[in-house]
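Participant: Data file upload_29.cif (mmCIF, C-alpha atoms) is appended below.
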```
data_query
loop_
_atom_site.label_atom_id
_atom_site.label_comp_id
_atom_site.auth_asym_id
_atom_site.auth_seq_id
_atom_site.Cartn_x
_atom_site.Cartn_y
_atom_site.Cartn_z
CA MET L 1 3.23 10.28 14.52
CA ASN L 2 4.89 12.50 11.92
CA ASP L 3 2.94 14.92 9.73
CA GLU L 4 2.91 12.53 6.75
CA GLN L 5 1.02 9.98 8.83
CA VAL L 6 -1.67 12.46 9.93
CA LYS L 7 -5.10 12.61 8.27
CA ILE L 8 -7.01 14.87 10.70
CA LYS L 9 -5.80 17.67 13.02
CA VAL L 10 -8.12 19.08 15.69
CA THR L 11 -6.94 22.16 17.56
CA GLY L 12 -8.58 24.01 20.45
CA LEU L 13 -12.02 22.54 19.83
CA ASP L 14 -14.80 23.73 22.15
CA PHE L 15 -18.42 22.69 21.68
CA PHE L 16 -21.50 24.03 23.44
CA TYR L 17 -25.14 23.05 23.42
CA ARG L 18 -27.02 26.04 24.80
CA ASP L 19 -25.12 26.85 28.00
CA ARG L 20 -23.63 23.39 28.45
CA ARG L 21 -20.02 22.81 27.41
CA ILE L 22 -19.71 19.38 25.77
CA LEU L 23 -16.10 19.49 24.57
CA THR L 24 -13.30 21.59 26.08
CA ASN L 25 -10.08 22.61 24.30
CA LEU L 26 -9.74 19.34 22.42
CA ASN L 27 -6.38 18.89 20.68
CA VAL L 28 -5.84 15.60 18.87
CA ARG L 29 -4.45 14.14 15.65
CA PHE L 30 -5.69 11.07 13.81
CA GLU L 31 -3.51 8.73 11.78
CA ARG L 32 -4.36 8.00 8.15
CA ASN L 33 -5.29 4.43 7.17
CA ALA L 34 -5.81 3.42 10.77
CA ILE L 35 -8.74 2.62 13.04
CA THR L 36 -9.03 4.99 15.97
CA ALA L 37 -11.50 4.07 18.71
CA LEU L 38 -13.16 6.88 20.68
CA VAL L 39 -13.90 5.68 24.19
CA GLY L 40 -15.12 7.09 27.48
CA PRO L 41 -18.22 7.33 29.68
CA SER L 42 -21.61 8.15 28.19
CA GLY L 43 -22.25 11.86 27.86
CA THR L 44 -18.62 12.89 27.35
CA GLY L 45 -19.14 14.07 23.76
CA LYS L 46 -17.87 11.19 21.61
CA SER L 47 -20.79 11.25 19.16
CA THR L 48 -20.86 15.04 19.19
CA PHE L 49 -17.19 15.03 18.26
CA LEU L 50 -17.90 12.83 15.24
CA TYR L 51 -20.50 15.35 14.09
CA THR L 52 -17.90 18.14 14.20
CA LEU L 53 -15.87 16.21 11.63
CA ASN L 54 -18.57 16.39 8.96
CA ARG L 55 -20.39 19.48 10.27
CA LEU L 56 -23.60 17.56 10.91
CA TRP L 57 -24.00 19.42 14.21
CA GLU L 58 -24.82 22.58 12.25
CA ASN L 59 -28.38 21.25 11.92
CA ILE L 60 -28.79 21.31 15.74
CA PRO L 61 -30.45 24.48 17.09
CA ASP L 62 -28.59 26.35 19.86
CA ALA L 63 -25.30 24.49 19.25
CA ARG L 64 -22.02 26.31 18.66
CA MET L 65 -18.40 25.39 18.16
CA SER L 66 -14.99 27.07 18.11
CA GLY L 67 -11.57 25.80 17.20
CA THR L 68 -10.01 24.35 14.05
CA VAL L 69 -10.54 21.06 12.22
CA GLU L 70 -8.16 20.36 9.35
CA MET L 71 -8.16 17.30 7.10
CA SER L 72 -5.99 16.09 4.27
CA LEU L 73 -8.62 15.66 1.53
CA GLY L 74 -7.93 15.17 -2.14
CA GLY L 75 -4.23 15.52 -1.39
CA LEU L 76 -4.60 19.01 0.11
CA TRP L 77 -4.95 20.19 3.70
CA ARG L 78 -8.36 21.78 4.23
CA ASP L 79 -9.83 23.76 7.07
CA ILE L 80 -13.26 22.15 6.89
CA TYR L 81 -14.91 25.21 8.43
CA GLU L 82 -13.30 27.65 6.01
CA GLY L 83 -16.12 29.42 4.19
CA SER L 84 -15.14 28.48 0.64
CA TYR L 85 -15.04 24.73 1.33
CA PRO L 86 -18.52 23.38 0.54
CA VAL L 87 -20.19 21.16 3.12
CA THR L 88 -21.51 18.92 0.31
CA GLU L 89 -17.93 18.18 -0.74
CA LEU L 90 -16.92 17.55 2.86
CA ARG L 91 -19.71 15.01 3.36
CA ARG L 92 -18.78 13.25 0.14
CA ARG L 93 -15.25 12.75 1.46
CA VAL L 94 -16.22 12.07 5.10
CA GLY L 95 -18.86 9.35 5.44
CA LEU L 96 -20.91 8.67 8.58
CA VAL L 97 -22.60 5.48 9.79
CA PHE L 98 -25.03 5.78 12.70
CA GLN L 99 -25.54 3.54 15.71
CA THR L 100 -28.89 2.16 14.53
CA PRO L 101 -29.19 0.91 10.93
CA ASN L 102 -31.34 3.32 8.93
CA PRO L 103 -32.15 1.79 5.52
CA LEU L 104 -34.35 3.98 3.36
CA PRO L 105 -37.82 2.63 2.42
CA MET L 106 -36.70 1.48 -0.99
CA SER L 107 -34.82 -1.38 -2.62
CA ILE L 108 -31.33 -2.52 -1.71
CA ARG L 109 -30.06 -1.20 -5.04
CA LYS L 110 -31.69 2.21 -4.62
CA ASN L 111 -30.43 2.54 -1.04
CA VAL L 112 -26.82 2.24 -2.17
CA ALA L 113 -27.36 4.38 -5.27
CA PHE L 114 -29.11 7.16 -3.36
CA PRO L 115 -26.00 9.25 -2.48
CA LEU L 116 -24.73 8.97 -6.05
CA LYS L 117 -28.01 10.20 -7.47
CA LEU L 118 -28.07 13.06 -4.97
CA ALA L 119 -24.64 14.01 -6.30
CA GLY L 120 -26.06 14.10 -9.83
CA ASN L 121 -24.74 10.79 -11.20
CA ARG L 122 -27.17 9.25 -13.68
CA ASP L 123 -24.93 6.97 -15.76
CA ARG L 124 -26.50 3.53 -15.33
CA ARG L 125 -23.27 1.60 -15.91
CA LEU L 126 -21.38 3.77 -13.45
CA LEU L 127 -24.14 3.37 -10.89
CA GLN L 128 -24.15 -0.40 -11.23
CA ASP L 129 -20.37 -0.66 -10.97
CA ARG L 130 -20.20 1.58 -7.90
CA ILE L 131 -23.13 -0.22 -6.21
CA GLU L 132 -21.43 -3.59 -6.67
CA GLN L 133 -18.07 -2.24 -5.51
CA ALA L 134 -19.58 -0.72 -2.36
CA LEU L 135 -21.51 -3.89 -1.51
CA GLN L 136 -18.36 -5.94 -2.06
CA MET L 137 -16.39 -3.71 0.32
CA ALA L 138 -19.19 -4.02 2.88
CA TYR L 139 -19.06 -7.84 2.68
CA LEU L 140 -22.68 -7.89 1.51
CA TRP L 141 -22.59 -8.48 -2.25
CA ASP L 142 -22.71 -12.29 -2.17
CA GLU L 143 -25.73 -12.19 0.16
CA VAL L 144 -27.82 -9.73 -1.86
CA LYS L 145 -26.65 -9.86 -5.49
CA ASP L 146 -29.73 -11.88 -6.50
CA ARG L 147 -32.20 -9.69 -4.61
CA LEU L 148 -31.08 -6.13 -5.25
CA ASP L 149 -34.64 -5.03 -5.99
CA ASP L 150 -36.00 -6.34 -2.68
CA ASP L 151 -37.00 -3.86 0.03
CA ALA L 152 -33.88 -3.11 2.09
CA ARG L 153 -35.93 -3.31 5.28
CA THR L 154 -36.32 -7.08 4.78
CA LEU L 155 -32.61 -7.57 5.52
CA SER L 156 -31.44 -8.72 8.94
CA GLY L 157 -30.10 -6.17 11.41
CA GLY L 158 -26.48 -6.98 10.62
CA GLN L 159 -27.13 -6.88 6.90
CA GLN L 160 -28.90 -3.53 7.26
CA GLN L 161 -25.87 -2.09 9.03
CA ARG L 162 -23.55 -3.36 6.31
CA LEU L 163 -25.94 -1.84 3.76
CA CYS L 164 -25.59 1.51 5.54
CA ILE L 165 -21.81 1.10 5.42
CA ALA L 166 -22.04 0.38 1.67
CA ARG L 167 -24.17 3.50 1.25
CA ALA L 168 -21.45 5.54 2.95
CA LEU L 169 -18.71 3.91 0.86
CA VAL L 170 -20.37 4.36 -2.53
CA LEU L 171 -19.18 7.98 -2.75
CA GLU L 172 -15.60 6.74 -2.22
CA PRO L 173 -14.89 8.83 0.90
CA GLU L 174 -11.47 9.20 2.49
CA VAL L 175 -12.67 9.17 6.11
CA LEU L 176 -15.33 6.91 7.62
CA LEU L 177 -16.98 7.90 10.92
CA MET L 178 -18.86 5.16 12.79
CA ASP L 179 -21.00 5.80 15.87
CA GLU L 180 -21.26 2.53 17.83
CA PRO L 181 -21.93 0.52 14.65
CA THR L 182 -22.40 -2.84 16.44
CA SER L 183 -24.36 -1.79 19.54
CA SER L 184 -27.67 -3.17 18.20
CA LEU L 185 -26.21 -6.35 16.66
CA ASP L 186 -25.75 -9.92 17.88
CA ALA L 187 -22.34 -11.56 18.28
CA ALA L 188 -22.24 -13.09 14.79
CA ALA L 189 -23.15 -9.83 13.06
CA THR L 190 -20.68 -7.94 15.25
CA GLU L 191 -17.86 -10.26 14.25
CA ILE L 192 -18.54 -9.60 10.56
CA ILE L 193 -18.55 -5.83 11.09
CA GLU L 194 -15.28 -5.99 13.04
CA THR L 195 -13.62 -8.01 10.26
CA LEU L 196 -14.98 -5.48 7.78
CA LEU L 197 -13.54 -2.55 9.73
CA VAL L 198 -10.05 -4.04 9.75
CA ALA L 199 -10.25 -4.54 5.97
CA LEU L 200 -11.54 -1.01 5.33
CA LYS L 201 -8.55 0.72 6.93
CA GLN L 202 -6.45 -0.34 3.96
CA ARG L 203 -8.37 2.28 1.96
CA PHE L 204 -9.88 4.64 4.52
CA THR L 205 -9.19 6.42 7.79
CA VAL L 206 -11.72 5.06 10.29
CA LEU L 207 -12.94 6.62 13.54
CA VAL L 208 -15.29 4.47 15.59
CA VAL L 209 -17.12 5.20 18.83
CA SER L 210 -17.28 2.05 20.94
CA HIS L 211 -18.27 1.17 24.51
CA TYR L 212 -16.94 -2.38 24.18
CA LEU L 213 -13.35 -2.63 25.41
CA ASP L 214 -12.94 -6.14 23.97
CA GLN L 215 -13.92 -4.78 20.57
CA VAL L 216 -11.47 -1.90 20.93
CA ARG L 217 -8.67 -4.36 21.69
CA ARG L 218 -9.58 -6.43 18.63
CA VAL L 219 -9.80 -3.71 16.00
CA ALA L 220 -8.24 -0.41 17.07
CA ASP L 221 -4.80 0.86 16.11
CA CYS L 222 -5.18 3.92 18.35
CA VAL L 223 -7.49 4.81 21.23
CA VAL L 224 -8.61 8.32 22.17
CA THR L 225 -10.26 8.74 25.53
CA PHE L 226 -12.94 11.33 26.27
CA PRO L 227 -13.64 13.87 27.66
CA ASP L 228 -10.06 15.14 27.28
CA GLY L 229 -9.28 13.59 23.89
CA ALA L 230 -5.99 12.09 25.07
CA VAL L 231 -4.39 9.35 23.00
CA VAL L 232 -4.09 6.60 25.57
CA SER L 233 -3.00 3.64 23.53
CA ASN L 234 -1.48 2.55 20.25
CA SER L 235 -1.68 -0.66 18.25
CA SER L 236 1.07 -2.42 20.17
CA GLU L 237 -0.71 -1.77 23.47
CA THR L 238 -4.27 -2.26 22.26
CA ARG L 239 -4.03 -5.68 20.69
#
```
Output the file's structure as structure tokens, nothing else.
Facilitator:
Amino acid sequence: MNDEQVKIKVTGLDFFYRDRRILTNLNVRFERNAITALVGPSGTGKSTFLYTLNRLWENIPDARMSGTVEMSLGGLWRDIYEGSYPVTELRRRVGLVFQTPNPLPMSIRKNVAFPLKLAGNRDRRLLQDRIEQALQMAYLWDEVKDRLDDDARTLSGGQQQRLCIARALVLEPEVLLMDEPTSSLDAAATEIIETLLVALKQRFTVLVVSHYLDQVRRVADCVVTFPDGAVVSNSSETR
């Protein structure tokens, strides 16, 4: 891919937890407005790699990293580990959805609004518009629009995961990281999430960890295999 197609550049990335090396000299580029699947055996660092892209690993004691991660954010190339680039801004632009749905113990509405309020947004009209937009993008609005004040934990597993996706989308990120987002869901819920992912790439760059090769074939434009981070397939080969 040429430079105009690239959203993320990773160069010489090494990651250690205590004395164990998790990632070794990883060099890889990710295409903008595409779904890239991260695949490979368990324990090869796929989830850890996602955490290097929004610096979440920095909360892990005894972990360390070297190398460079650059992203095109807000129209400018940024070294996300450069000292003057705030981690709060990075995490606004790079959303993360975990393997297990983690709705907060509050209403559906407040779950989606939570990141906006953390960012200091208090305008009620803005909040309502962004909540509806995020739920629409997550294919959840029609199912919950009449029960926004219900406890989010009363939703089904698939709905909870889409709620978590909406919560990530409400800040209007540019990159969406997803760590096995369908591993705890049934076939029907998985199908909805996969359809959602394909729709989201029109607006976002999506990286998804998946152990399901059938799923990778259905949704991925590119495939990166771990532990070496090699690009092993493109859309014409994957689908």
Participant: I need the output of the PyMOL selection byres ((chain L and resi 101) around 8) for this file as a list in words; which residues are they?
Facilitator: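 In the shown coordinates, the PyMOL selection byres ((chain L and resi 101) around 8) covers Phe98, Gln99, Thr100, Asn102, Pro103, Gly157, Gln160, Gln161 and Cys164 of chain L.
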Participant: Give me, please, the distance in Å between atom CA of L:Gly67 and atom CA of L:Pro41, quoted to one decimal.
Facilitator: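 Here the two named atoms are 23.3 Å from each other.
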Participant: Could you tell me which of L:Glu174, L:Asp214, L:Glu194, L:Glu132 comes closest to L:Ile8 if we count only C-alpha atoms?
Facilitator: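 Between L:Glu174, L:Asp214, L:Glu194, L:Glu132, the residue approaching L:Ile8 most closely is L:Glu174.
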Participant: Please compute the atom CA of L:Asn27-atom CA of L:Thr11 distance, one decimal, in Å.
Facilitator: 4.6 Å
Participant: Name the residues in contact with L:Phe226 at a cut-off of 7 Å, using only C-alpha atoms, excluding same-chain residues fewer than 6 positions from it; report them as a ChimeraX atom specification.
Facilitator: /L:39-40,44,46
Participant: I'd like the residues picked by the PyMOL selection byres ((chain L and resi 200) around 12) written out as number ranges by chain, using the chain letters and numbers from the file.
Facilitator: L: 32-35, 134, 136-139, 165-166, 169, 172-177, 193-199, 201-207, 219
Participant: Could you dump the residues just selected with C-alpha atoms as a PDB file, in the frame of the given file?
Facilitator:
```
ATOM      1  CA  ARG L  32      -4.360   8.000   8.150  1.00  0.00           C
ATOM      2  CA  ASN L  33      -5.290   4.430   7.170  1.00  0.00           C
ATOM      3  CA  ALA L  34      -5.810   3.420  10.770  1.00  0.00           C
ATOM      4  CA  ILE L  35      -8.740   2.620  13.040  1.00  0.00           C
ATOM      5  CA  ALA L 134     -19.580  -0.720  -2.360  1.00  0.00           C
ATOM      6  CA  GLN L 136     -18.360  -5.940  -2.060  1.00  0.00           C
ATOM      7  CA  MET L 137     -16.390  -3.710   0.320  1.00  0.00           C
ATOM      8  CA  ALA L 138     -19.190  -4.020   2.880  1.00  0.00           C
ATOM      9  CA  TYR L 139     -19.060  -7.840   2.680  1.00  0.00           C
ATOM     10  CA  ILE L 165     -21.810   1.100   5.420  1.00  0.00           C
ATOM     11  CA  ALA L 166     -22.040   0.380   1.670  1.00  0.00           C
ATOM     12  CA  LEU L 169     -18.710   3.910   0.860  1.00  0.00           C
ATOM     13  CA  GLU L 172     -15.600   6.740  -2.220  1.00  0.00           C
ATOM     14  CA  PRO L 173     -14.890   8.830   0.900  1.00  0.00           C
ATOM     15  CA  GLU L 174     -11.470   9.200   2.490  1.00  0.00           C
ATOM     16  CA  VAL L 175     -12.670   9.170   6.110  1.00  0.00           C
ATOM     17  CA  LEU L 176     -15.330   6.910   7.620  1.00  0.00           C
ATOM     18  CA  LEU L 177     -16.980   7.900  10.920  1.00  0.00           C
ATOM     19  CA  ILE L 193     -18.550  -5.830  11.090  1.00  0.00           C
ATOM     20  CA  GLU L 194     -15.280  -5.990  13.040  1.00  0.00           C
ATOM     21  CA  THR L 195     -13.620  -8.010  10.260  1.00  0.00           C
ATOM     22  CA  LEU L 196     -14.980  -5.480   7.780  1.00  0.00           C
ATOM     23  CA  LEU L 197     -13.540  -2.550   9.730  1.00  0.00           C
ATOM     24  CA  VAL L 198     -10.050  -4.040   9.750  1.00  0.00           C
ATOM     25  CA  ALA L 199     -10.250  -4.540   5.970  1.00  0.00           C
ATOM     26  CA  LYS L 201      -8.550   0.720   6.930  1.00  0.00           C
ATOM     27  CA  GLN L 202      -6.450  -0.340   3.960  1.00  0.00           C
ATOM     28  CA  ARG L 203      -8.370   2.280   1.960  1.00  0.00           C
ATOM     29  CA  PHE L 204      -9.880   4.640   4.520  1.00  0.00           C
ATOM     30  CA  THR L 205      -9.190   6.420   7.790  1.00  0.00           C
ATOM     31  CA  VAL L 206     -11.720   5.060  10.290  1.00  0.00           C
ATOM     32  CA  LEU L 207     -12.940   6.620  13.540  1.00  0.00           C
ATOM     33  CA  VAL L 219      -9.800  -3.710  16.000  1.00  0.00           C
TER      34      VAL L 219
END
```
Participant: Here is a test: counting all atoms listed in the file, which residue of L:Leu126, L:Leu90, L:Val97, L:Leu163 is nearest to L:Glu180?
Facilitator: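 That would be L:Val97, the residue with the smallest distance to L:Glu180.
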Participant: Provide the atom CA of L:Arg218 to atom CA of L:Glu191 distance in Å, to one decimal place.
Facilitator: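 Between atom CA of L:Arg218 and atom CA of L:Glu191 the gap is 10.1 Å.
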Participant: Could you check the closest approach to L:Asp151 for each of L:Arg167, L:Arg109, L:Arg124, L:Arg130 and tell me which residue wins, using all atoms listed in the file?
Facilitator: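 Checking each of L:Arg167, L:Arg109, L:Arg124, L:Arg130 against L:Asp151, counting all atoms listed in the file, the winner is L:Arg109.
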Participant: Could you tell me which of L:Leu104, L:Val10, L:Pro86, L:Arg93 comes closest to L:Glu70 if we count only C-alpha atoms?
Facilitator: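 Among the listed residues, the smallest separation from L:Glu70 belongs to L:Val10.
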Participant: Name all residues at most 9 Å from L:Gly229 (count all atoms listed in the file; drop same-chain ones fewer than 3 positions away) and give them as a list in words.
Facilitator: Leu26, Asn27, Val28, Leu38, Val224, Thr225, Phe226 and Val232 of chain L
Participant: Starting from the displayed file, determine the output of the PyMOL selection byres ((chain L and resi 14) around 10) and express the residue list as a ChimeraX atom specification.
Facilitator: /L:11-13,15-16,21-27,49,64-68
Participant: Find, counting all atoms listed in the file, the residue in L:Val216, L:Val170, L:Ala119, L:His211 that gets nearest to L:Gly43.
Facilitator: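 Among the listed residues, L:His211 lies closest to L:Gly43.
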Participant: As an MDAnalysis selection string, please: the residues near L:Asn2 (cut-off 12 Å, only C-alpha atoms, same-chain neighbours under 2 positions excluded).
Facilitator: chainID L and resid 4:7 9 29:32
Participant: Can you write out the residues you just picked, keeping C-alpha atoms, as a compact mmCIF listing (two decimals), keeping the file's coordinate frame?
Facilitator:
```txt
# COMPACT_ATOMS: atom_id res chain seq x y z
CA GLU L 4 2.91 12.53 6.75
CA GLN L 5 1.02 9.98 8.83
CA VAL L 6 -1.67 12.46 9.93
CA LYS L 7 -5.10 12.61 8.27
CA LYS L 9 -5.80 17.67 13.02
CA ARG L 29 -4.45 14.14 15.65
CA PHE L 30 -5.69 11.07 13.81
CA GLU L 31 -3.51 8.73 11.78
CA ARG L 32 -4.36 8.00 8.15
```
